[in-house]
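J.: Here it is, the structure, as structure tokens.
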Amino acid sequence: MVSKVLSRVLAAIVPLVLAGGVAPVASAAPVVNDPFFRYDGATPLASYDPGAVLKTRTVPYHFVNLSTPVEATQILYRSTDAQGNPSANVTSVLRPGNAQPGKVVSYQSFYDSLNPDDSPSRAVAGNTPIFDWTPSGRNLNIGGTFTSVELALFGPLFAQGYTVVLPDTEGPDANFAAGPEYGMMTLDSLRAARAVPATGITPGADIALMGYSGGAIATNWAAILGPEYAPEINDDLVGAAQGGLLVNPANNLPYVGGSPMWAGVAGMAVLGVSRSYGIDFGPYLNERGRDVMAHLEDASIGNVLLQYPGLTWQDLVKPEYADPNSVPEYVEAVNKINMGTAAVPTIPLFVAQGANGILEGTPGAGAGDGVMLAGDVRTLMAMYCAAGVTVQYDQYDTLSHVPGAILWLPGALQWINGRFAGQPAPSNCGNIAPGTSLAPQVGR
């Protein structure tokens with residue numbers, strides 16, 4: 001079912017994406033003006049603790065802006081951005097009619113976008129401006145459709161009585177790829193969700209984390225940060241199931257560089273991380289780099305796939321900065337979001353990773369799934385195993401990133417069911433092959 005849904009959606013979207021990539025700049029569309037997403041209280045936001053509830057409302061769950069009988073509780077809550085500043089973010093809680101006490105899944109979406117209009121909360125509320133122009137006027141606004149596609153993944157969770165928490169992992173400004181920020185937004189959404197009686201989530205309820213690709217970034221960073229940032233949430237986490245994991249962006253940059261399909265995503269990540277940490281890469285960019293970054297300003301992953309074939313870091317920067325490590329701000333940023341140098345989770349993990357990126361045009365047989373590096377994931381999981389974390393690592397040697405999601409889903413659901421059933425978490429730590437180095441980058 002999932003494969004059919006993905007095929008139909010991609011068949012409908014790709015021609016429009018291709019058209020959007022070559023179209024002239026159109027009239028800019030206004031940012032979705034929904035006052036619910038703004039904190040306008042008299043009390044300074046910094047006065048609230050992380051996870052504090054600022055507003056709540058109940059809305060019908062929407063599928064591509066069409067109302068459904070499912071209701072969602074939306075919560076504006078206080079969180080923290082990558083620089084440690086207070087932030088007001090939104091999460092949506094979906095509670096099925098057969099919801100069972102103590103069964104909660106925090107599902108982190110793969111909406112991957114630099115446009116706040118593409119956030120899951122806006123899609124849930126039915127105010128995503130699909131097929132309109134983005135605020136910059138440079139991209140077709142199709143990112144909100146990805147959350148609707150993910151509705152197909154919620155069916156099995158609803159059928160088994162799981163309440164689903166769906167946070168805007170990228171925060172209110174859509175800071176794509178800013179991993180630590182993703183993690184804090186996710187943990188604070190759980191704090192807020194269990195503070196609102198309408199969600200039915202009580203303190204002490206068991207919670208599993210779940211996400212693929214961009215959702216895996218949030219899932220694993222929440223597991224990393226949980227013990228220190230939100231220990232009361234971490235105590236209730238029964239495990240995290242994730243796939244297609246971005247571990248060390250510094251290694252991914254040369255991997256996807258030159259790829260016919262995924263090269264533009266690296267540019268999105270550079271822009272998202274620069275926004276989250278307040279970095280100005282402008283002085284390092286050449287004319288083409290300035291043009292590409294302007295187009296990516298509010299792009300979603302749907303706008304960049306296949307749109308920048310062969311693009312590399314060297315294509316974007318002045319000749320003297322051809323080595324990324326010659327840019328101090330780059331070195332500092334990628335070291336902050338390298339999972340290999342961060343804290344170790346304390347909960348069981350299920351991690352799946354494709355390793356046949358050639359199917360999606362990225363060279364390097366066995367290196368990764370086309371966008372994520374399998375060797376990075378193996379090294380990280382081996383580090384976790386050595387620290388005593390229970391890890392099940394599955395590598396799909398014949399699959400790339402997109403089809404890998406289809407195989408990951410049933411495995412993740414089965415693994416999550418086992419955690420809620422009280423079964424011992426499985427481990428194959430002794431069978432994980434060696435991987436690549438996750439050492440910090442050094443400036444040159």
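We label chains A, B, ... in the order they appear in the structure tokens, count residues from 1 in each chain, and number ligands from 1 in the order shown.
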Counting only C-alpha atoms, what is within 6 Å of region 251-262 of chain A, bar same-chain residues fewer than 5 positions away, as a list in words?

T.: Leu305, Leu306, Pro309, Gly310, Leu311, Thr312, Gly361, Thr362 and Val371 of chain A

J.: Once you have the residues from the selection above, write them out as a JSON list (two decimals), in the first residue's frame, restricted to all heavy atoms.

T.:
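again35.json written:
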```json
[["chain", "number", "residue", "atom", "x", "y", "z"],
["A", 305, "LEU", "N", 14.95, 17.69, -5.72],
["A", 305, "LEU", "CA", 15.28, 16.39, -6.29],
["A", 305, "LEU", "C", 15.33, 16.48, -7.81],
["A", 305, "LEU", "O", 14.40, 16.97, -8.45],
["A", 305, "LEU", "CB", 14.25, 15.33, -5.86],
["A", 305, "LEU", "CG", 14.23, 14.96, -4.38],
["A", 305, "LEU", "CD1", 13.18, 13.89, -4.13],
["A", 305, "LEU", "CD2", 15.59, 14.47, -3.92],
["A", 306, "LEU", "N", 16.42, 16.05, -8.37],
["A", 306, "LEU", "CA", 16.64, 16.03, -9.82],
["A", 306, "LEU", "C", 16.85, 17.43, -10.41],
["A", 306, "LEU", "O", 17.06, 17.56, -11.61],
["A", 306, "LEU", "CB", 15.49, 15.35, -10.56],
["A", 306, "LEU", "CG", 15.13, 13.92, -10.13],
["A", 306, "LEU", "CD1", 13.88, 13.45, -10.86],
["A", 306, "LEU", "CD2", 16.28, 12.98, -10.40],
["A", 309, "PRO", "N", 21.42, 18.43, -10.89],
["A", 309, "PRO", "CA", 22.28, 17.27, -11.18],
["A", 309, "PRO", "C", 23.75, 17.68, -11.30],
["A", 309, "PRO", "O", 24.09, 18.66, -11.97],
["A", 309, "PRO", "CB", 21.74, 16.76, -12.52],
["A", 309, "PRO", "CG", 21.06, 17.95, -13.13],
["A", 309, "PRO", "CD", 20.48, 18.70, -11.98],
["A", 310, "GLY", "N", 24.59, 16.93, -10.61],
["A", 310, "GLY", "CA", 26.02, 17.17, -10.70],
["A", 310, "GLY", "C", 26.54, 18.29, -9.83],
["A", 310, "GLY", "O", 27.75, 18.56, -9.82],
["A", 311, "LEU", "N", 25.67, 18.96, -9.08],
["A", 311, "LEU", "CA", 26.10, 20.10, -8.27],
["A", 311, "LEU", "C", 27.05, 19.66, -7.17],
["A", 311, "LEU", "O", 26.83, 18.66, -6.50],
["A", 311, "LEU", "CB", 24.88, 20.77, -7.64],
["A", 311, "LEU", "CG", 25.13, 22.08, -6.89],
["A", 311, "LEU", "CD1", 25.45, 23.20, -7.87],
["A", 311, "LEU", "CD2", 23.92, 22.45, -6.04],
["A", 312, "THR", "N", 28.11, 20.44, -6.98],
["A", 312, "THR", "CA", 29.08, 20.17, -5.91],
["A", 312, "THR", "C", 29.33, 21.43, -5.10],
["A", 312, "THR", "O", 28.97, 22.55, -5.51],
["A", 312, "THR", "CB", 30.43, 19.69, -6.49],
["A", 312, "THR", "OG1", 31.02, 20.76, -7.23],
["A", 312, "THR", "CG2", 30.24, 18.47, -7.38],
["A", 361, "GLY", "N", 21.33, 6.96, -8.47],
["A", 361, "GLY", "CA", 22.29, 7.72, -9.24],
["A", 361, "GLY", "C", 23.52, 8.19, -8.52],
["A", 361, "GLY", "O", 24.38, 8.84, -9.13],
["A", 362, "THR", "N", 23.66, 7.86, -7.23],
["A", 362, "THR", "CA", 24.84, 8.30, -6.49],
["A", 362, "THR", "C", 25.93, 7.23, -6.61],
["A", 362, "THR", "O", 25.70, 6.08, -6.25],
["A", 362, "THR", "CB", 24.51, 8.54, -5.01],
["A", 362, "THR", "OG1", 23.42, 9.46, -4.93],
["A", 362, "THR", "CG2", 25.70, 9.12, -4.28],
["A", 371, "VAL", "N", 21.94, 9.10, -0.41],
["A", 371, "VAL", "CA", 22.04, 10.38, 0.29],
["A", 371, "VAL", "C", 22.66, 10.22, 1.68],
["A", 371, "VAL", "O", 23.34, 11.11, 2.17],
["A", 371, "VAL", "CB", 20.66, 11.08, 0.36],
["A", 371, "VAL", "CG1", 19.66, 10.26, 1.13],
["A", 371, "VAL", "CG2", 20.77, 12.48, 0.95]]
```

J.: Among region 15-155 of chain A, which residues carry a DSSP assignment of helix (DSSP H, G or I), reported as a VMD selection string?

T.: chain A and resid 15 to 22 35 to 37 45 to 47 116 to 118 120 to 125 145 to 155

J.: Please provide as number ranges by chain all residues within 6 Å of Ile142 (chain A), with the sequence filter that same-chain residues fewer than 3 positions apart are discarded (counting only C-alpha atoms).

T.: A: 130-131, 145

J.: What's the 6 Å shell around region 213-223 of chain A, counting only C-alpha atoms, without same-chain residues fewer than 4 positions away, as a list of chain:residue names?

T.: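 The contact residues come out as A:Gln108, A:Ser109, A:Phe110, A:Asp112, A:Gly179, A:Pro180, A:Tyr182, A:Gly183, A:Leu209, A:Gln242, A:Gly244, A:Leu245, A:Pro345.
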
J.: Please write the residues from the selection above to a file, keeping all heavy atoms, as a compact mmCIF listing (two decimals), in the first residue's frame.

T.:
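Once written, result05.txt looks like this:
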```
# COMPACT_ATOMS: atom_id res chain seq x y z
N GLN A 108 8.34 11.48 13.88
CA GLN A 108 9.04 12.64 13.33
C GLN A 108 8.98 12.57 11.79
O GLN A 108 9.48 11.64 11.19
CB GLN A 108 10.49 12.67 13.82
CG GLN A 108 10.63 13.09 15.28
CD GLN A 108 9.99 12.13 16.26
OE1 GLN A 108 8.97 12.47 16.87
NE2 GLN A 108 10.57 10.94 16.44
N SER A 109 8.38 13.57 11.20
CA SER A 109 8.10 13.58 9.76
C SER A 109 9.36 13.79 8.93
O SER A 109 10.32 14.44 9.35
CB SER A 109 7.10 14.71 9.47
OG SER A 109 6.98 14.94 8.08
N PHE A 110 9.30 13.31 7.67
CA PHE A 110 10.37 13.58 6.71
C PHE A 110 9.97 14.73 5.76
O PHE A 110 10.26 14.70 4.57
CB PHE A 110 10.76 12.33 5.91
CG PHE A 110 9.64 11.59 5.23
CD1 PHE A 110 8.95 12.12 4.17
CD2 PHE A 110 9.28 10.31 5.66
CE1 PHE A 110 7.94 11.43 3.53
CE2 PHE A 110 8.27 9.60 5.04
CZ PHE A 110 7.60 10.16 3.96
N ASP A 112 11.22 17.62 5.39
CA ASP A 112 12.44 18.19 4.83
C ASP A 112 12.22 19.43 3.97
O ASP A 112 12.12 19.36 2.75
CB ASP A 112 13.16 17.14 3.99
CG ASP A 112 13.56 15.92 4.80
OD1 ASP A 112 13.52 15.99 6.04
OD2 ASP A 112 13.90 14.89 4.20
N GLY A 179 20.31 19.29 13.42
CA GLY A 179 19.97 18.14 14.25
C GLY A 179 19.66 18.42 15.71
O GLY A 179 18.61 18.01 16.21
N PRO A 180 20.53 19.10 16.47
CA PRO A 180 20.22 19.34 17.88
C PRO A 180 18.91 20.09 18.08
O PRO A 180 18.16 19.81 19.02
CB PRO A 180 21.43 20.15 18.36
CG PRO A 180 22.54 19.70 17.47
CD PRO A 180 21.90 19.50 16.12
N TYR A 182 16.30 19.93 16.10
CA TYR A 182 15.28 18.91 15.88
C TYR A 182 14.99 18.13 17.17
O TYR A 182 13.84 17.86 17.52
CB TYR A 182 15.76 17.89 14.84
CG TYR A 182 15.68 18.24 13.39
CD1 TYR A 182 15.82 19.55 12.92
CD2 TYR A 182 15.51 17.23 12.44
CE1 TYR A 182 15.78 19.82 11.56
CE2 TYR A 182 15.47 17.50 11.09
CZ TYR A 182 15.60 18.79 10.64
OH TYR A 182 15.56 19.06 9.31
N GLY A 183 16.08 17.73 17.83
CA GLY A 183 15.93 16.91 19.03
C GLY A 183 15.21 17.63 20.14
O GLY A 183 14.33 17.06 20.81
N LEU A 209 9.95 6.59 19.93
CA LEU A 209 10.30 7.55 18.89
C LEU A 209 10.40 6.83 17.56
O LEU A 209 10.87 5.69 17.49
CB LEU A 209 11.64 8.21 19.20
CG LEU A 209 11.78 8.93 20.55
CD1 LEU A 209 13.23 9.34 20.78
CD2 LEU A 209 10.86 10.13 20.61
N GLN A 242 14.35 4.01 13.64
CA GLN A 242 14.70 5.01 12.63
C GLN A 242 15.37 4.36 11.44
O GLN A 242 15.88 3.23 11.52
CB GLN A 242 15.62 6.05 13.26
CG GLN A 242 16.88 5.45 13.88
CD GLN A 242 17.51 6.36 14.90
OE1 GLN A 242 17.85 7.49 14.59
NE2 GLN A 242 17.68 5.87 16.11
N GLY A 244 17.51 5.43 7.39
CA GLY A 244 18.04 6.45 6.51
C GLY A 244 18.60 7.61 7.30
O GLY A 244 18.18 8.75 7.14
N LEU A 245 19.60 7.35 8.14
CA LEU A 245 20.05 8.30 9.17
C LEU A 245 21.23 9.15 8.69
O LEU A 245 22.23 8.62 8.20
CB LEU A 245 20.44 7.52 10.43
CG LEU A 245 20.93 8.33 11.63
CD1 LEU A 245 19.84 9.27 12.12
CD2 LEU A 245 21.36 7.38 12.75
N PRO A 345 22.89 7.77 23.44
CA PRO A 345 21.54 7.51 23.97
C PRO A 345 21.56 6.43 25.05
O PRO A 345 22.53 5.67 25.19
CB PRO A 345 20.77 7.02 22.73
CG PRO A 345 21.55 7.51 21.56
CD PRO A 345 22.98 7.50 22.01
```

J.: From the set A:Pro50, A:Gly161, A:Pro227, A:Gly418, which residue has the shortest atom-to-atom contact distance to Pro101 (chain A), counting only C-alpha atoms?

T.: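 Of A:Pro50, A:Gly161, A:Pro227, A:Gly418, the one nearest Pro101 (chain A) is A:Gly161, counting only C-alpha atoms.
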
J.: Find, counting only C-alpha atoms, the residue in A:Leu114, A:Gln100, A:Asp34, A:Ala208 that gets nearest to Phe158 (chain A).

T.: A:Gln100

J.: Between A:Ser136, A:Thr186, A:Ser148, A:Thr398, which has the minimum distance to Gly211 (chain A) (counting only C-alpha atoms)?

T.: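 When distances to Gly211 (chain A) are compared using only C-alpha atoms, the smallest one comes from A:Thr186.
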
J.: Which residue out of A:Ala374, A:Val273, A:Leu166, A:Ala42 has the minimum interatomic distance to Thr73 (chain A) when only C-alpha atoms are used?

T.: A:Leu166

J.: Could you pull the residues within 10 Å of Ala159 (chain A), counting only C-alpha atoms, minus those fewer than 4 positions along the same chain, as a list in words?

T.: Pro96, Gly97, Asn98, Ala99, Phe154 and Gly155 of chain A

J.: Keeping only all heavy atoms, write the selected residues as an mmCIF file, in the first residue's frame.

T.:
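File written: part34.cif
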```cif
data_model
loop_
_atom_site.group_PDB
_atom_site.id
_atom_site.type_symbol
_atom_site.label_atom_id
_atom_site.label_comp_id
_atom_site.auth_asym_id
_atom_site.auth_seq_id
_atom_site.Cartn_x
_atom_site.Cartn_y
_atom_site.Cartn_z
ATOM 1 N N PRO A 96 -6.548 8.102 18.210
ATOM 2 C CA PRO A 96 -7.594 7.292 17.585
ATOM 3 C C PRO A 96 -8.685 6.934 18.580
ATOM 4 O O PRO A 96 -8.493 7.009 19.797
ATOM 5 C CB PRO A 96 -6.836 6.047 17.119
ATOM 6 C CG PRO A 96 -5.707 5.916 18.088
ATOM 7 C CD PRO A 96 -5.300 7.340 18.420
ATOM 8 N N GLY A 97 -9.825 6.528 18.050
ATOM 9 C CA GLY A 97 -10.948 6.175 18.925
ATOM 10 C C GLY A 97 -10.647 5.005 19.838
ATOM 11 O O GLY A 97 -11.236 4.894 20.917
ATOM 12 N N ASN A 98 -9.735 4.139 19.420
ATOM 13 C CA ASN A 98 -9.386 2.962 20.227
ATOM 14 C C ASN A 98 -8.086 3.169 20.990
ATOM 15 O O ASN A 98 -7.386 2.199 21.332
ATOM 16 C CB ASN A 98 -9.248 1.734 19.318
ATOM 17 C CG ASN A 98 -8.110 1.890 18.307
ATOM 18 O OD1 ASN A 98 -7.764 3.011 17.949
ATOM 19 N ND2 ASN A 98 -7.548 0.791 17.841
ATOM 20 N N ALA A 99 -7.727 4.437 21.258
ATOM 21 C CA ALA A 99 -6.457 4.737 21.931
ATOM 22 C C ALA A 99 -6.327 3.970 23.233
ATOM 23 O O ALA A 99 -7.253 3.915 24.040
ATOM 24 C CB ALA A 99 -6.354 6.236 22.196
ATOM 25 N N PHE A 154 0.448 6.162 9.337
ATOM 26 C CA PHE A 154 -0.200 6.215 10.641
ATOM 27 C C PHE A 154 -1.263 5.130 10.807
ATOM 28 O O PHE A 154 -1.605 4.775 11.931
ATOM 29 C CB PHE A 154 -0.856 7.589 10.859
ATOM 30 C CG PHE A 154 0.100 8.738 10.830
ATOM 31 C CD1 PHE A 154 -0.343 10.022 10.542
ATOM 32 C CD2 PHE A 154 1.456 8.564 11.072
ATOM 33 C CE1 PHE A 154 0.531 11.089 10.516
ATOM 34 C CE2 PHE A 154 2.345 9.617 11.038
ATOM 35 C CZ PHE A 154 1.880 10.889 10.759
ATOM 36 N N GLY A 155 -1.797 4.626 9.696
ATOM 37 C CA GLY A 155 -2.865 3.627 9.772
ATOM 38 C C GLY A 155 -2.552 2.459 10.679
ATOM 39 O O GLY A 155 -3.343 2.131 11.581
#
```

J.: For each of A:Ser300, A:Gln83, A:Asn417, A:Thr346, take the minimum atom-to-atom distance to Pro231 (chain A), counting only C-alpha atoms, then give the residue where this is smallest.

T.: A:Thr346

J.: Neighbours of Asn428 (chain A) within 9 Å (only C-alpha atoms; same-chain residues fewer than 3 positions away dropped), as a PyMOL selection string?

T.: chain A and resi 390-394+431-432

J.: Based on the selection just made, write C-alpha atoms of those residues as a tab-separated table (two decimals), in the first residue's frame.

T.:
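Output contents, as saved in result_27.tsv:
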```
chain	number	residue	atom	x	y	z
A	390	THR	CA	21.00	-2.29	22.80
A	391	VAL	CA	21.04	-1.91	19.02
A	392	GLN	CA	19.40	-3.81	16.16
A	393	TYR	CA	21.05	-2.62	12.93
A	394	ASP	CA	19.63	-3.81	9.60
A	431	ASN	CA	27.58	-8.44	13.67
A	432	ILE	CA	27.97	-4.79	12.68
```

J.: Considering only C-alpha atoms, return as a list in words whatever protein or nucleic-acid residues lie within 12 Å of Asp291 (chain A), sequence-local ones (same chain, fewer than 5 positions apart) excluded.

T.: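 Selected residues are Arg138, Gly267, Gly282, Leu285, Asn286, Leu296, Glu297, Asp315, Leu316 and Val317 of chain A.
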
J.: Have a look at A:Asn325, A:Gly411, A:Pro60, A:Cys429 and name the one nearest to Ala386 (chain A); count only C-alpha atoms.

T.: A:Cys429

J.: Which of region 146-286 of chain A end up as strand (DSSP E or B) when DSSP is run on this backbone - answer as an mmCIF file with N, CA, C and O atoms, in the first residue's frame?

T.:
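After the write, result15.cif holds the following:
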```cif
data_model
loop_
_atom_site.group_PDB
_atom_site.id
_atom_site.type_symbol
_atom_site.label_atom_id
_atom_site.label_comp_id
_atom_site.auth_asym_id
_atom_site.auth_seq_id
_atom_site.Cartn_x
_atom_site.Cartn_y
_atom_site.Cartn_z
ATOM 1 N N THR A 163 -1.490 6.469 20.281
ATOM 2 C CA THR A 163 -1.656 7.905 20.100
ATOM 3 C C THR A 163 -0.383 8.428 19.447
ATOM 4 O O THR A 163 0.725 8.094 19.866
ATOM 5 N N VAL A 164 -0.531 9.241 18.392
ATOM 6 C CA VAL A 164 0.612 9.720 17.616
ATOM 7 C C VAL A 164 0.844 11.195 17.902
ATOM 8 O O VAL A 164 -0.066 12.020 17.788
ATOM 9 N N VAL A 165 2.076 11.521 18.278
ATOM 10 C CA VAL A 165 2.501 12.905 18.462
ATOM 11 C C VAL A 165 3.344 13.289 17.247
ATOM 12 O O VAL A 165 4.314 12.601 16.914
ATOM 13 N N LEU A 166 2.970 14.375 16.573
ATOM 14 C CA LEU A 166 3.581 14.763 15.304
ATOM 15 C C LEU A 166 4.146 16.187 15.414
ATOM 16 O O LEU A 166 3.462 17.166 15.108
ATOM 17 N N PRO A 167 5.397 16.336 15.845
ATOM 18 C CA PRO A 167 5.954 17.676 16.057
ATOM 19 C C PRO A 167 6.484 18.311 14.776
ATOM 20 O O PRO A 167 6.847 17.619 13.819
ATOM 21 N N ASP A 206 4.275 5.191 28.363
ATOM 22 C CA ASP A 206 5.395 4.743 27.548
ATOM 23 C C ASP A 206 5.370 5.449 26.190
ATOM 24 O O ASP A 206 4.305 5.649 25.594
ATOM 25 N N ILE A 207 6.546 5.795 25.694
ATOM 26 C CA ILE A 207 6.673 6.529 24.440
ATOM 27 C C ILE A 207 7.765 5.895 23.593
ATOM 28 O O ILE A 207 8.852 5.585 24.084
ATOM 29 N N ALA A 208 7.472 5.715 22.303
ATOM 30 C CA ALA A 208 8.487 5.293 21.344
ATOM 31 C C ALA A 208 8.715 6.421 20.352
ATOM 32 O O ALA A 208 7.784 7.143 19.983
ATOM 33 N N LEU A 209 9.949 6.586 19.926
ATOM 34 C CA LEU A 209 10.300 7.550 18.891
ATOM 35 C C LEU A 209 10.399 6.830 17.556
ATOM 36 O O LEU A 209 10.873 5.689 17.489
ATOM 37 N N MET A 210 9.973 7.506 16.473
ATOM 38 C CA MET A 210 9.947 6.845 15.171
ATOM 39 C C MET A 210 10.155 7.879 14.069
ATOM 40 O O MET A 210 9.552 8.955 14.096
ATOM 41 N N GLY A 211 11.023 7.578 13.100
ATOM 42 C CA GLY A 211 11.203 8.496 11.989
ATOM 43 C C GLY A 211 12.171 7.961 10.955
ATOM 44 O O GLY A 211 13.104 7.219 11.277
ATOM 45 N N TYR A 212 11.950 8.360 9.714
ATOM 46 C CA TYR A 212 12.812 7.940 8.600
ATOM 47 C C TYR A 212 13.389 9.183 7.929
ATOM 48 O O TYR A 212 12.728 10.215 7.804
ATOM 49 N N LEU A 237 10.854 6.758 27.646
ATOM 50 C CA LEU A 237 11.092 6.282 26.288
ATOM 51 C C LEU A 237 11.438 4.792 26.309
ATOM 52 O O LEU A 237 12.357 4.373 27.014
ATOM 53 N N VAL A 238 10.695 4.013 25.519
ATOM 54 C CA VAL A 238 10.950 2.572 25.460
ATOM 55 C C VAL A 238 11.882 2.216 24.315
ATOM 56 O O VAL A 238 12.364 1.084 24.222
ATOM 57 N N GLY A 239 12.151 3.181 23.418
ATOM 58 C CA GLY A 239 13.061 2.914 22.315
ATOM 59 C C GLY A 239 12.818 3.856 21.159
ATOM 60 O O GLY A 239 11.868 4.642 21.154
ATOM 61 N N ALA A 240 13.710 3.762 20.162
ATOM 62 C CA ALA A 240 13.620 4.607 18.975
ATOM 63 C C ALA A 240 13.858 3.762 17.737
ATOM 64 O O ALA A 240 14.850 3.029 17.655
ATOM 65 N N ALA A 241 12.947 3.875 16.763
ATOM 66 C CA ALA A 241 13.055 3.151 15.487
ATOM 67 C C ALA A 241 13.265 4.167 14.378
ATOM 68 O O ALA A 241 12.454 5.075 14.196
ATOM 69 N N GLN A 242 14.352 4.008 13.644
ATOM 70 C CA GLN A 242 14.698 5.006 12.633
ATOM 71 C C GLN A 242 15.375 4.359 11.443
ATOM 72 O O GLN A 242 15.878 3.230 11.525
ATOM 73 N N GLY A 243 15.405 5.080 10.327
ATOM 74 C CA GLY A 243 16.046 4.560 9.130
ATOM 75 C C GLY A 243 16.502 5.692 8.230
ATOM 76 O O GLY A 243 15.961 6.798 8.280
ATOM 77 N N LEU A 285 30.534 32.560 -1.252
ATOM 78 C CA LEU A 285 29.816 32.086 -2.429
ATOM 79 C C LEU A 285 30.227 32.830 -3.694
ATOM 80 O O LEU A 285 30.498 34.033 -3.662
#
```

J.: Using Å and a single decimal, report how far CA of Pro403 (chain A) sits from CA of Leu153 (chain A).

T.: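 Going from CA of Leu153 (chain A) over to CA of Pro403 (chain A), I get 14.3 Å.
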
J.: Could you work out how far CA of Ser189 (chain A) lies from CA of Thr58 (chain A), giving the answer in Å with one decimal?

T.: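 About the pair CA of Thr58 (chain A) and CA of Ser189 (chain A): they are 16.0 Å apart.
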